[in-house]
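The data block below is entry.cif; it holds mmCIF, C-alpha atoms.
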```
data_structure
loop_
_atom_site.label_atom_id
_atom_site.label_comp_id
_atom_site.auth_asym_id
_atom_site.auth_seq_id
_atom_site.Cartn_x
_atom_site.Cartn_y
_atom_site.Cartn_z
CA MET X 9 21.11 -18.31 -31.79
CA ALA X 10 23.14 -15.21 -30.96
CA ASP X 11 25.52 -15.52 -28.04
CA LYS X 12 26.05 -11.79 -27.61
CA ILE X 13 23.85 -8.72 -27.78
CA THR X 14 24.76 -5.03 -27.68
CA LEU X 15 23.13 -2.56 -25.33
CA GLU X 16 23.26 1.12 -26.20
CA VAL X 17 22.94 2.73 -22.82
CA MET X 18 22.39 6.43 -22.26
CA ARG X 19 25.11 7.91 -20.07
CA TYR X 20 24.95 11.26 -18.35
CA ARG X 21 27.70 12.22 -15.94
CA PRO X 22 26.87 15.76 -14.83
CA GLU X 23 30.40 16.40 -13.58
CA GLN X 24 31.87 15.53 -16.98
CA GLU X 25 29.36 16.41 -19.67
CA THR X 26 26.48 18.78 -20.32
CA GLU X 27 24.46 16.42 -22.51
CA PRO X 28 23.80 12.69 -22.40
CA THR X 29 25.69 10.38 -24.73
CA PHE X 30 25.27 6.74 -25.66
CA GLN X 31 27.70 4.02 -24.73
CA GLY X 32 27.64 0.56 -26.29
CA TYR X 33 28.20 -2.57 -24.18
CA GLU X 34 28.37 -6.09 -25.52
CA VAL X 35 26.85 -8.57 -23.09
CA PRO X 36 26.28 -12.33 -23.29
CA PHE X 37 22.87 -13.31 -24.59
CA HIS X 38 20.83 -15.78 -22.58
CA ALA X 39 17.25 -16.63 -23.50
CA ASP X 40 16.13 -16.14 -19.90
CA TRP X 41 17.85 -12.79 -19.41
CA VAL X 42 15.87 -9.61 -19.06
CA VAL X 43 17.27 -6.13 -19.78
CA LEU X 44 17.94 -5.65 -16.07
CA ASP X 45 20.14 -8.79 -16.05
CA ALA X 46 22.18 -7.26 -18.85
CA LEU X 47 22.51 -3.96 -16.94
CA ASN X 48 23.62 -5.85 -13.82
CA TYR X 49 26.19 -7.71 -15.94
CA ILE X 50 27.53 -4.38 -17.19
CA LYS X 51 27.67 -2.98 -13.67
CA ASP X 52 29.40 -6.08 -12.24
CA ARG X 53 31.78 -6.97 -15.09
CA LEU X 54 32.19 -4.16 -17.58
CA ASP X 55 31.64 -0.72 -16.11
CA GLY X 56 30.96 -0.15 -12.42
CA SER X 57 30.25 3.52 -13.01
CA LEU X 58 26.86 2.89 -14.63
CA SER X 59 24.00 4.15 -12.44
CA TYR X 60 20.41 2.87 -12.50
CA ARG X 61 17.68 1.95 -10.05
CA TRP X 62 16.41 -1.53 -9.37
CA SER X 63 15.33 -3.63 -6.44
CA CYS X 64 12.98 -6.59 -6.54
CA ARG X 65 13.58 -8.13 -10.02
CA MET X 66 9.98 -9.37 -10.07
CA GLY X 67 7.74 -6.53 -11.20
CA VAL X 68 6.61 -5.52 -7.74
CA CYS X 69 8.77 -2.62 -6.57
CA GLY X 70 8.44 -0.40 -9.66
CA SER X 71 12.03 0.89 -9.49
CA CYS X 72 13.51 -0.35 -12.75
CA GLY X 73 11.33 1.48 -15.26
CA MET X 74 13.33 2.70 -18.27
CA MET X 75 12.85 3.38 -21.94
CA VAL X 76 13.78 0.23 -23.86
CA ASP X 77 13.96 0.90 -27.59
CA GLY X 78 11.80 3.96 -27.04
CA GLU X 79 9.06 2.23 -25.02
CA PRO X 80 8.56 2.61 -21.27
CA GLN X 81 9.19 -0.82 -19.74
CA LEU X 82 9.99 -2.48 -16.45
CA THR X 83 13.47 -3.75 -17.33
CA CYS X 84 13.01 -6.73 -15.00
CA ALA X 85 10.11 -7.92 -17.14
CA THR X 86 11.50 -7.14 -20.58
CA PHE X 87 13.33 -10.06 -22.20
CA LEU X 88 16.43 -9.47 -24.29
CA SER X 89 15.22 -12.15 -26.70
CA HIS X 90 12.48 -9.75 -27.80
CA TYR X 91 15.13 -7.42 -29.23
CA LEU X 92 17.31 -9.87 -31.15
CA PRO X 93 19.64 -9.37 -32.90
CA GLY X 94 20.00 -6.01 -31.17
CA PRO X 95 21.27 -3.48 -30.44
CA VAL X 96 18.89 -2.56 -27.62
CA ARG X 97 18.67 1.08 -26.68
CA VAL X 98 18.21 1.76 -22.94
CA GLU X 99 17.37 5.29 -21.81
CA PRO X 100 16.02 6.84 -18.62
CA LEU X 101 12.25 7.30 -18.34
CA ARG X 102 11.07 9.99 -20.75
CA TYR X 103 9.84 13.43 -19.61
CA PHE X 104 11.67 13.33 -16.25
CA PRO X 105 14.85 15.29 -15.47
CA ILE X 106 17.89 13.02 -15.63
CA MET X 107 20.15 12.98 -12.57
CA ARG X 108 22.76 10.53 -13.77
CA ASP X 109 22.82 7.85 -16.47
CA LEU X 110 19.50 6.00 -16.18
CA VAL X 111 18.42 7.61 -12.90
CA ILE X 112 15.61 10.13 -13.14
CA GLU X 113 14.47 12.73 -10.62
CA MET X 114 11.05 11.78 -9.26
CA THR X 115 10.30 14.47 -6.66
CA ASP X 116 7.62 15.92 -8.93
CA PHE X 117 5.81 12.56 -9.04
CA MET X 118 6.09 11.99 -5.28
CA ASP X 119 4.71 15.46 -4.68
CA LYS X 120 1.76 14.83 -6.99
CA LEU X 121 1.00 11.52 -5.32
CA GLN X 122 0.79 13.29 -1.99
CA ARG X 123 -1.40 16.08 -3.35
CA VAL X 124 -4.23 13.71 -4.33
CA LYS X 125 -4.50 12.55 -0.68
CA PRO X 126 -4.09 8.82 -1.30
CA TRP X 127 -5.35 7.64 2.06
CA LEU X 128 -8.73 6.96 3.65
CA ILE X 129 -10.34 10.22 4.69
CA ARG X 130 -13.16 10.01 7.23
CA GLY X 131 -15.48 12.79 8.32
CA ALA X 132 -15.63 11.27 11.76
CA GLU X 133 -14.07 8.00 12.89
CA LYS X 134 -16.61 5.63 14.39
CA PRO X 135 -15.93 4.47 17.95
CA LEU X 136 -13.58 1.49 18.31
CA LEU X 137 -16.32 -0.49 20.01
CA GLN X 138 -18.32 -0.52 16.79
CA GLY X 139 -15.59 -2.58 15.19
CA GLU X 140 -13.75 -2.36 11.89
CA TYR X 141 -15.01 -0.85 8.66
CA LEU X 142 -16.37 -3.82 6.77
CA GLN X 143 -16.38 -4.11 3.03
CA THR X 144 -18.10 -6.61 0.73
CA PRO X 145 -16.22 -8.32 -2.13
CA GLU X 146 -18.32 -6.25 -4.56
CA GLU X 147 -17.22 -3.03 -2.85
CA LEU X 148 -13.60 -4.16 -3.03
CA ASP X 149 -14.02 -5.05 -6.68
CA LEU X 150 -15.00 -1.44 -7.50
CA TYR X 151 -11.51 -0.04 -6.80
CA LYS X 152 -9.21 -3.05 -6.66
CA GLN X 153 -7.89 -2.57 -10.19
CA PHE X 154 -6.71 0.97 -9.36
CA SER X 155 -5.04 -0.19 -6.16
CA MET X 156 -2.60 -2.41 -8.08
CA CYS X 157 -0.38 0.55 -9.05
CA ILE X 158 3.30 0.11 -8.13
CA ASN X 159 4.28 3.74 -8.81
CA CYS X 160 6.71 2.75 -11.54
CA MET X 161 5.96 5.95 -13.51
CA LEU X 162 5.86 4.19 -16.87
CA CYS X 163 2.51 5.88 -17.48
CA TYR X 164 4.09 9.31 -17.09
CA ALA X 165 6.80 8.37 -19.58
CA ALA X 166 4.06 7.35 -22.04
CA CYS X 167 1.97 10.50 -21.55
CA PRO X 168 2.70 13.32 -24.01
CA VAL X 169 0.44 15.62 -21.99
CA TYR X 170 2.79 15.28 -19.01
CA GLY X 171 5.77 15.83 -21.32
CA LEU X 172 4.32 19.05 -22.69
CA ASP X 173 2.81 20.30 -19.45
CA PRO X 174 4.69 19.08 -16.35
CA GLN X 175 2.00 20.65 -14.15
CA PHE X 176 -0.42 17.90 -15.22
CA ILE X 177 -1.06 15.69 -12.19
CA GLY X 178 -0.76 12.65 -14.41
CA PRO X 179 -2.15 9.14 -14.84
CA ALA X 180 -0.92 7.22 -11.78
CA ALA X 181 -1.79 9.94 -9.25
CA ILE X 182 -5.30 10.39 -10.66
CA ALA X 183 -5.87 6.62 -10.77
CA LEU X 184 -4.79 6.45 -7.15
CA ALA X 185 -7.17 9.26 -6.23
CA GLN X 186 -9.92 7.30 -7.94
CA ARG X 187 -8.89 4.20 -5.99
CA TYR X 188 -9.71 6.05 -2.74
CA ASN X 189 -12.78 7.80 -4.14
CA MET X 190 -14.33 4.45 -5.00
CA ASP X 191 -13.48 2.89 -1.66
CA SER X 192 -16.66 2.49 0.39
CA ARG X 193 -14.75 3.40 3.58
CA ASP X 194 -13.56 6.75 2.21
CA GLN X 195 -15.36 10.09 2.57
CA GLY X 196 -12.79 12.38 0.97
CA SER X 197 -13.92 12.43 -2.65
CA GLU X 198 -15.08 16.05 -2.44
CA GLN X 199 -11.67 17.19 -1.21
CA ARG X 200 -9.99 15.35 -4.06
CA LEU X 201 -12.48 16.62 -6.61
CA ASP X 202 -11.53 20.21 -5.78
CA LEU X 203 -7.95 19.46 -6.77
CA LEU X 204 -8.59 17.11 -9.65
CA SER X 205 -11.40 18.98 -11.39
CA GLN X 206 -8.98 21.78 -12.21
CA HIS X 207 -7.20 22.09 -15.51
CA ASP X 208 -4.01 20.44 -14.24
CA GLY X 209 -6.11 17.51 -13.09
CA ILE X 210 -8.48 15.40 -15.14
CA TRP X 211 -9.23 18.07 -17.76
CA GLY X 212 -5.59 18.19 -18.80
CA CYS X 213 -5.96 14.63 -20.07
CA THR X 214 -6.72 14.37 -23.78
CA PHE X 215 -7.19 10.59 -23.65
CA VAL X 216 -4.16 9.52 -25.65
CA GLY X 217 -4.59 6.20 -23.83
CA GLU X 218 -0.93 5.17 -23.90
CA CYS X 219 -0.67 5.23 -20.09
CA SER X 220 -2.94 2.21 -19.91
CA LYS X 221 -1.11 0.35 -22.67
CA VAL X 222 2.28 0.57 -20.94
CA CYS X 223 0.98 -0.16 -17.43
CA PRO X 224 2.57 -3.42 -16.21
CA LYS X 225 -0.23 -3.95 -13.66
CA GLU X 226 -3.25 -3.30 -15.89
CA VAL X 227 -4.37 -0.44 -13.69
CA ASP X 228 -5.86 1.37 -16.72
CA PRO X 229 -5.29 4.95 -15.51
CA ALA X 230 -6.84 6.33 -18.73
CA SER X 231 -10.10 4.70 -17.78
CA ALA X 232 -9.85 6.05 -14.22
CA ILE X 233 -9.43 9.58 -15.57
CA GLN X 234 -12.35 9.30 -18.03
CA GLN X 235 -14.60 7.88 -15.31
CA TYR X 236 -13.53 10.74 -13.10
CA LYS X 237 -14.43 13.23 -15.85
CA LEU X 238 -17.93 11.76 -15.95
CA THR X 239 -18.22 12.06 -12.16
CA ALA X 240 -16.97 15.66 -12.20
CA THR X 241 -19.40 16.57 -14.97
CA LYS X 242 -22.31 15.02 -13.09
CA GLU X 243 -21.27 16.89 -9.94
CA TRP X 244 -21.10 20.16 -11.88
CA PHE X 245 -24.58 19.66 -13.33
CA ARG X 246 -25.95 18.72 -9.93
CA ALA X 247 -24.49 21.88 -8.39
CA PHE X 248 -25.74 23.95 -11.32
CA LEU X 249 -29.28 22.60 -11.43
CA MET X 250 -29.73 22.06 -7.70
CA PRO X 251 -27.61 24.70 -5.95
CA TRP X 252 -29.39 23.99 -2.68
CA SER X 253 -27.90 20.48 -2.62
CA ALA X 254 -24.34 21.82 -2.71
CA LYS X 255 -21.97 20.92 0.07
CA MET U 30 8.73 23.05 -9.51
CA ASN U 31 6.64 24.01 -6.53
CA ASP U 32 7.64 24.68 -2.96
CA ILE U 33 7.57 21.07 -1.78
CA SER U 34 10.17 20.03 -4.31
CA ALA U 35 12.26 23.17 -3.83
CA HIS U 36 15.04 21.22 -2.11
CA THR U 37 15.87 19.72 -5.45
CA ALA U 38 17.23 23.10 -6.53
CA TYR U 39 20.51 21.90 -4.99
CA HIS U 40 20.92 19.55 -7.92
CA PRO U 41 21.46 22.11 -10.65
CA ARG U 42 23.08 19.74 -13.12
CA TRP U 43 20.03 17.73 -14.08
CA TYR U 44 19.58 17.21 -17.73
CA ARG U 45 16.09 18.21 -18.82
CA PRO U 46 15.27 16.89 -22.27
CA ARG U 47 13.03 19.08 -24.39
CA VAL U 48 9.91 17.66 -25.98
CA SER U 49 10.02 18.13 -29.73
CA THR U 50 7.15 20.00 -31.38
CA TYR U 51 6.85 16.98 -33.65
CA TRP U 52 6.62 14.38 -30.87
CA TRP U 53 3.46 13.02 -32.46
CA LEU U 54 5.27 12.08 -35.67
CA TRP U 55 7.53 9.56 -33.93
CA ARG U 56 5.00 6.84 -33.37
CA TRP U 57 1.89 5.64 -35.14
CA VAL U 58 -0.23 5.61 -31.94
CA TYR U 59 0.56 9.28 -31.30
CA LEU U 60 -0.13 10.18 -34.93
CA LYS U 61 -3.44 8.33 -34.73
CA PHE U 62 -4.27 10.29 -31.60
CA ILE U 63 -3.54 13.60 -33.36
CA LEU U 64 -5.65 12.54 -36.37
CA ARG U 65 -8.48 11.68 -33.97
CA GLU U 66 -8.21 15.12 -32.36
CA ILE U 67 -8.09 16.88 -35.75
CA SER U 68 -11.21 14.96 -36.81
CA SER U 69 -13.25 17.18 -34.50
CA ILE U 70 -12.75 19.98 -37.06
CA ALA U 71 -14.47 17.79 -39.66
CA VAL U 72 -17.33 17.17 -37.23
CA ALA U 73 -17.71 20.93 -36.67
CA TYR U 74 -17.56 21.50 -40.43
CA PHE U 75 -20.47 19.09 -41.03
CA VAL U 76 -22.51 20.85 -38.36
CA VAL U 77 -21.94 24.19 -40.11
CA LEU U 78 -22.79 22.57 -43.45
CA LEU U 79 -26.08 21.31 -42.03
CA LEU U 80 -26.91 24.77 -40.66
CA LEU U 81 -26.15 26.30 -44.08
CA GLN U 82 -28.40 23.70 -45.68
CA LEU U 83 -31.25 24.59 -43.29
CA ARG U 84 -30.69 28.27 -44.02
CA ALA U 85 -30.88 27.62 -47.77
CA LEU U 86 -34.06 25.60 -47.21
CA SER U 87 -35.68 28.46 -45.30
CA HIS U 88 -34.83 30.88 -48.12
CA GLY U 89 -36.97 29.04 -50.66
CA PRO U 90 -36.56 26.53 -53.50
CA GLU U 91 -34.15 28.64 -55.55
CA ALA U 92 -31.71 29.14 -52.69
CA TYR U 93 -31.88 25.43 -51.94
CA ALA U 94 -31.22 24.51 -55.59
CA ALA U 95 -28.22 26.86 -55.58
CA PHE U 96 -26.93 25.20 -52.41
CA GLN U 97 -27.31 21.76 -53.97
CA ALA U 98 -25.47 22.94 -57.09
CA TRP U 99 -22.65 24.20 -54.85
CA LEU U 100 -22.47 20.78 -53.21
CA LYS U 101 -21.83 19.24 -56.64
CA VAL U 102 -18.69 21.29 -57.29
CA PRO U 103 -15.83 18.73 -57.54
CA GLN U 104 -13.70 20.55 -54.97
CA ILE U 105 -16.57 20.50 -52.48
CA ILE U 106 -17.20 16.81 -53.16
CA ALA U 107 -13.49 16.13 -52.52
CA LEU U 108 -13.53 18.21 -49.31
CA ASN U 109 -16.69 16.49 -48.07
CA SER U 110 -15.25 13.05 -48.86
CA VAL U 111 -12.12 13.77 -46.81
CA CYS U 112 -14.27 15.18 -44.00
CA LEU U 113 -16.48 12.08 -44.12
CA LEU U 114 -13.41 9.87 -43.61
CA PHE U 115 -12.39 11.99 -40.62
CA VAL U 116 -15.91 11.84 -39.15
CA LEU U 117 -15.89 8.06 -39.53
CA LEU U 118 -12.50 7.93 -37.78
CA HIS U 119 -13.90 10.17 -35.05
CA THR U 120 -16.99 8.03 -34.57
CA ILE U 121 -15.25 4.67 -34.59
CA THR U 122 -12.37 5.67 -32.31
CA TRP U 123 -14.70 7.27 -29.77
CA PHE U 124 -17.17 4.39 -29.80
CA ASN U 125 -14.28 2.01 -29.19
CA LEU U 126 -13.09 4.18 -26.29
CA ALA U 127 -16.56 4.54 -24.74
CA PRO U 128 -16.23 1.47 -22.46
CA ARG U 129 -13.21 3.06 -20.77
CA ALA U 130 -15.29 6.01 -19.58
CA ILE U 131 -18.65 4.34 -19.08
CA VAL U 132 -18.57 1.61 -16.49
CA VAL U 133 -21.98 0.09 -15.94
CA ARG U 134 -22.60 -2.50 -13.28
CA VAL U 135 -25.59 -4.79 -13.31
CA ARG U 136 -26.09 -6.79 -10.10
CA GLY U 137 -22.52 -6.05 -9.04
CA LYS U 138 -21.01 -7.35 -12.29
CA ARG U 139 -19.35 -5.03 -14.77
CA VAL U 140 -21.08 -5.00 -18.15
CA PRO U 141 -18.51 -6.24 -20.73
CA ASP U 142 -16.72 -3.61 -22.83
CA ARG U 143 -18.02 -5.09 -26.06
CA LEU U 144 -21.61 -4.59 -24.97
CA ILE U 145 -20.99 -0.90 -24.13
CA ALA U 146 -19.22 -0.24 -27.45
CA GLY U 147 -21.72 -2.45 -29.29
CA SER U 148 -24.71 -0.51 -27.97
CA ASN U 149 -23.17 2.67 -29.40
CA TYR U 150 -22.77 1.01 -32.79
CA VAL U 151 -26.34 -0.30 -32.68
CA ALA U 152 -27.65 3.18 -31.82
CA TRP U 153 -25.60 4.58 -34.72
CA LEU U 154 -27.06 1.97 -37.10
CA VAL U 155 -30.65 2.59 -35.93
CA VAL U 156 -30.34 6.38 -36.32
CA SER U 157 -28.66 5.99 -39.73
CA VAL U 158 -31.39 3.65 -40.97
CA ALA U 159 -34.08 6.02 -39.66
CA VAL U 160 -32.48 9.00 -41.43
CA ALA U 161 -32.02 7.00 -44.64
CA TRP U 162 -35.67 5.92 -44.49
CA LEU U 163 -36.81 9.53 -43.98
CA ILE U 164 -34.80 10.74 -46.97
CA LEU U 165 -35.24 7.87 -49.38
CA ARG U 166 -38.89 6.92 -48.89
CA GLY U 167 -40.19 9.81 -50.99
#
```
Write-out of the structure in structure tokens:
Amino acid sequence: MADKITLEVMRYRPEQETEPTFQGYEVPFHADWVVLDALNYIKDRLDGSLSYRWSCRMGVCGSCGMMVDGEPQLTCATFLSHYLPGPVRVEPLRYFPIMRDLVIEMTDFMDKLQRVKPWLIRGAEKPLLQGEYLQTPEELDLYKQFSMCINCMLCYAACPVYGLDPQFIGPAAIALAQRYNMDSRDQGSEQRLDLLSQHDGIWGCTFVGECSKVCPKEVDPASAIQQYKLTATKEWFRAFLMPWSAK
Amino acid sequence: MNDISAHTAYHPRWYRPRVSTYWWLWRWVYLKFILREISSIAVAYFVVLLLLQLRALSHGPEAYAAFQAWLKVPQIIALNSVCLLFVLLHTITWFNLAPRAIVVRVRGKRVPDRLIAGSNYVAWLVVSVAVAWLILRG
């Protein structure tokens, strides 16, 4: 078995260069090493100037998403052994502006997350004395899948619609909106529908389906968006055929 | 960038990669997606063809015979064969995707994806057999 593997890492140092370049690093190969281990080895032993984001090393925090050999991956969950004999190409997440090396700028994503109002919206809070808002396991089951998102943005890096039209709200944000829409305690679906039924929302999606394939948490944002399209269509027909029932 | 992210204007040296016009040629899944989208043209073509056929039918036996003769032109047969392949691609890919959009729950349990896709295929088969029976019985 190989004892070394080469990583071709994209470098971008804005104070030195106007375009990214690739730099090769030879790192030891261990069967239990993931791509993030190799990056940490480079940072600690070979080149301290390499910049990238990471935190938990266990697929929970969603910080270490990068393009590994052209595919969006959590580098903490992507084994080097999969890429033998190498080299392995590591690039920042596709479709986002690059700040430095493997670090992308995510303000656009954070902004979109906020726009879909990902919190419980109530028309009127019930009095404290009436107790908490209870939910049955079946009601939880309706949205639980969509609540597993870790905001790693791999789905955006897989979505050509987002690449071509950065205004598109995108898979994770829409899935999160759907997570709250389907929550029995929430009453804000109409507010979200106003935002998401526009062209930049669900109708921008052409159902490429790659967002769901790359999702490390099996959130299936593509399904959330298509289900949302059905809901929006039903709402439109209801408003069209029964205008008196409109909000 | 909208107002909320305006503060990021103080980082003018970001590198913004451009998306190539040929992004869909890079990977088979993207190419398959584009082929699926293009297949809608073939679907529209068959609808127009059916309307032309009805028009020929309403114009009497001679017009209909002329239409049928036109259908037998080798170029038209080739075109229709290619369009048929695209329509099949369209049908199969969309039927397979149907469970992602249609979530049916019976007594709180989600109906399995295979059943949702399968019911589409069964409906397709039933309609096809009915049409074949209508045409071939006489």
(request) Enumerate as a PyMOL selection string the residues belonging to chain X that approach chain U to within 7 Å, with all atoms listed in the file taken into account. (result) chain X and resi 22+27+103+105-107+115-116+119+146+171-172+216+231+234-235
(message) With distances taken over all atoms listed in the file, which residue among U:Ala94, U:Leu118, U:Leu100, U:Ala107 lies nearest Ser69 (chain U)?
(response)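 That would be U:Leu118, the residue with the smallest distance to Ser69 (chain U).
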(message) So the first atom is CA of Leu113 (chain U) and the second is CA of Val72 (chain U); what is the distance between them in Å, to one decimal place?
(response) 8.6 Å
(message) Between CA of Leu203 (chain X) and CA of Ala230 (chain X), what is the distance in Å, rounded to a tenth?
(response)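 It comes out at 17.8 Å.
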(request) Tell me, in Å to one decimal, how far CA of Leu137 (chain X) is from CA of Ser197 (chain X). (result)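 About the pair CA of Leu137 (chain X) and CA of Ser197 (chain X): they are 26.2 Å apart.
If you measure from each of U:Gly167, U:Tyr74, U:Val156, U:Val133 to Val116 (chain U) using all atoms listed in the file, the closest one turns out to be U:Tyr74.
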(message) I'd like to know which of X:Leu184, X:Ala132, X:Ile210, X:Cys84 is closest to Met156 (chain X), using all atoms listed in the file.
(response) X:Leu184
Centre and edges of the region 104-118 of chain U box, axis-aligned, 5 Å extra per side, as AutoDock Vina command-line options:
```
--center_x -14.7 --center_y 14.2 --center_z -46.4 --size_x 15.1 --size_y 22.6 --size_z 27.2
```
Can you spell out as a PDB file with C-alpha atoms, keeping the file's coordinate frame the set of residues that the PyMOL selection byres ((chain U and resi 121) around 12) selects in the structure I just provided?
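This is the output file selection-v2.pdb:
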```pdb
ATOM      1  CA  ARG U  65      -8.480  11.680 -33.970  1.00  0.00           C
ATOM      2  CA  SER U  68     -11.210  14.960 -36.810  1.00  0.00           C
ATOM      3  CA  LEU U 114     -13.410   9.870 -43.610  1.00  0.00           C
ATOM      4  CA  PHE U 115     -12.390  11.990 -40.620  1.00  0.00           C
ATOM      5  CA  VAL U 116     -15.910  11.840 -39.150  1.00  0.00           C
ATOM      6  CA  LEU U 117     -15.890   8.060 -39.530  1.00  0.00           C
ATOM      7  CA  LEU U 118     -12.500   7.930 -37.780  1.00  0.00           C
ATOM      8  CA  HIS U 119     -13.900  10.170 -35.050  1.00  0.00           C
ATOM      9  CA  THR U 120     -16.990   8.030 -34.570  1.00  0.00           C
ATOM     10  CA  THR U 122     -12.370   5.670 -32.310  1.00  0.00           C
ATOM     11  CA  TRP U 123     -14.700   7.270 -29.770  1.00  0.00           C
ATOM     12  CA  PHE U 124     -17.170   4.390 -29.800  1.00  0.00           C
ATOM     13  CA  ASN U 125     -14.280   2.010 -29.190  1.00  0.00           C
ATOM     14  CA  LEU U 126     -13.090   4.180 -26.290  1.00  0.00           C
ATOM     15  CA  ALA U 127     -16.560   4.540 -24.740  1.00  0.00           C
ATOM     16  CA  ALA U 146     -19.220  -0.240 -27.450  1.00  0.00           C
ATOM     17  CA  GLY U 147     -21.720  -2.450 -29.290  1.00  0.00           C
ATOM     18  CA  ASN U 149     -23.170   2.670 -29.400  1.00  0.00           C
ATOM     19  CA  TYR U 150     -22.770   1.010 -32.790  1.00  0.00           C
ATOM     20  CA  TRP U 153     -25.600   4.580 -34.720  1.00  0.00           C
TER      21      TRP U 153
END
```
(message) Can you spell out as a list in words the set of residues that the PyMOL selection byres ((chain X and resi 52-61) around 8) selects in the structure I just provided?
(response) Arg19, Tyr33, Asn48, Tyr49, Ile50, Lys51, Trp62, Ser63, Ser71, Cys72, Arg108, Asp109, Leu110 and Val111 of chain X
(message) Using only C-alpha atoms, which protein or nucleic acid residues come within 10 Å of region 240-248 of chain X? Drop anything in the same chain fewer than 4 positions from it, and give the result as a PyMOL selection string.
(response) chain X and resi 198+201-202+204-205+210-211+234-236+252-255
(request) For Phe96 (chain U), work out the shell of residues within 8 Å, counting all atoms listed in the file and skipping chain neighbours fewer than 4 positions away, then give it as a list in words. (result) Gln82, Ala85, Ala92 and Leu100 of chain U
Taking the file as shown, find all residues satisfying the PyMOL selection byres ((chain X and resi 182) around 8) and write them as a PDB file with C-alpha atoms, in the frame of the given file.
```
ATOM      1  CA  VAL X 124      -4.230  13.710  -4.330  1.00  0.00           C
ATOM      2  CA  ILE X 177      -1.060  15.690 -12.190  1.00  0.00           C
ATOM      3  CA  GLY X 178      -0.760  12.650 -14.410  1.00  0.00           C
ATOM      4  CA  PRO X 179      -2.150   9.140 -14.840  1.00  0.00           C
ATOM      5  CA  ALA X 180      -0.920   7.220 -11.780  1.00  0.00           C
ATOM      6  CA  ALA X 181      -1.790   9.940  -9.250  1.00  0.00           C
ATOM      7  CA  ALA X 183      -5.870   6.620 -10.770  1.00  0.00           C
ATOM      8  CA  LEU X 184      -4.790   6.450  -7.150  1.00  0.00           C
ATOM      9  CA  ALA X 185      -7.170   9.260  -6.230  1.00  0.00           C
ATOM     10  CA  GLN X 186      -9.920   7.300  -7.940  1.00  0.00           C
ATOM     11  CA  LEU X 204      -8.590  17.110  -9.650  1.00  0.00           C
ATOM     12  CA  GLY X 209      -6.110  17.510 -13.090  1.00  0.00           C
ATOM     13  CA  ILE X 210      -8.480  15.400 -15.140  1.00  0.00           C
ATOM     14  CA  PRO X 229      -5.290   4.950 -15.510  1.00  0.00           C
ATOM     15  CA  ALA X 232      -9.850   6.050 -14.220  1.00  0.00           C
ATOM     16  CA  ILE X 233      -9.430   9.580 -15.570  1.00  0.00           C
TER      17      ILE X 233
END
```
(message) So that I can see what lies close to region 37-43 of chain X, please list as a PyMOL selection string the residues with an atom at most 7 Å from it, counting all atoms listed in the file and leaving out residues fewer than 3 positions away in the same chain.
(response) chain X and resi 10-13+46-47+83-89
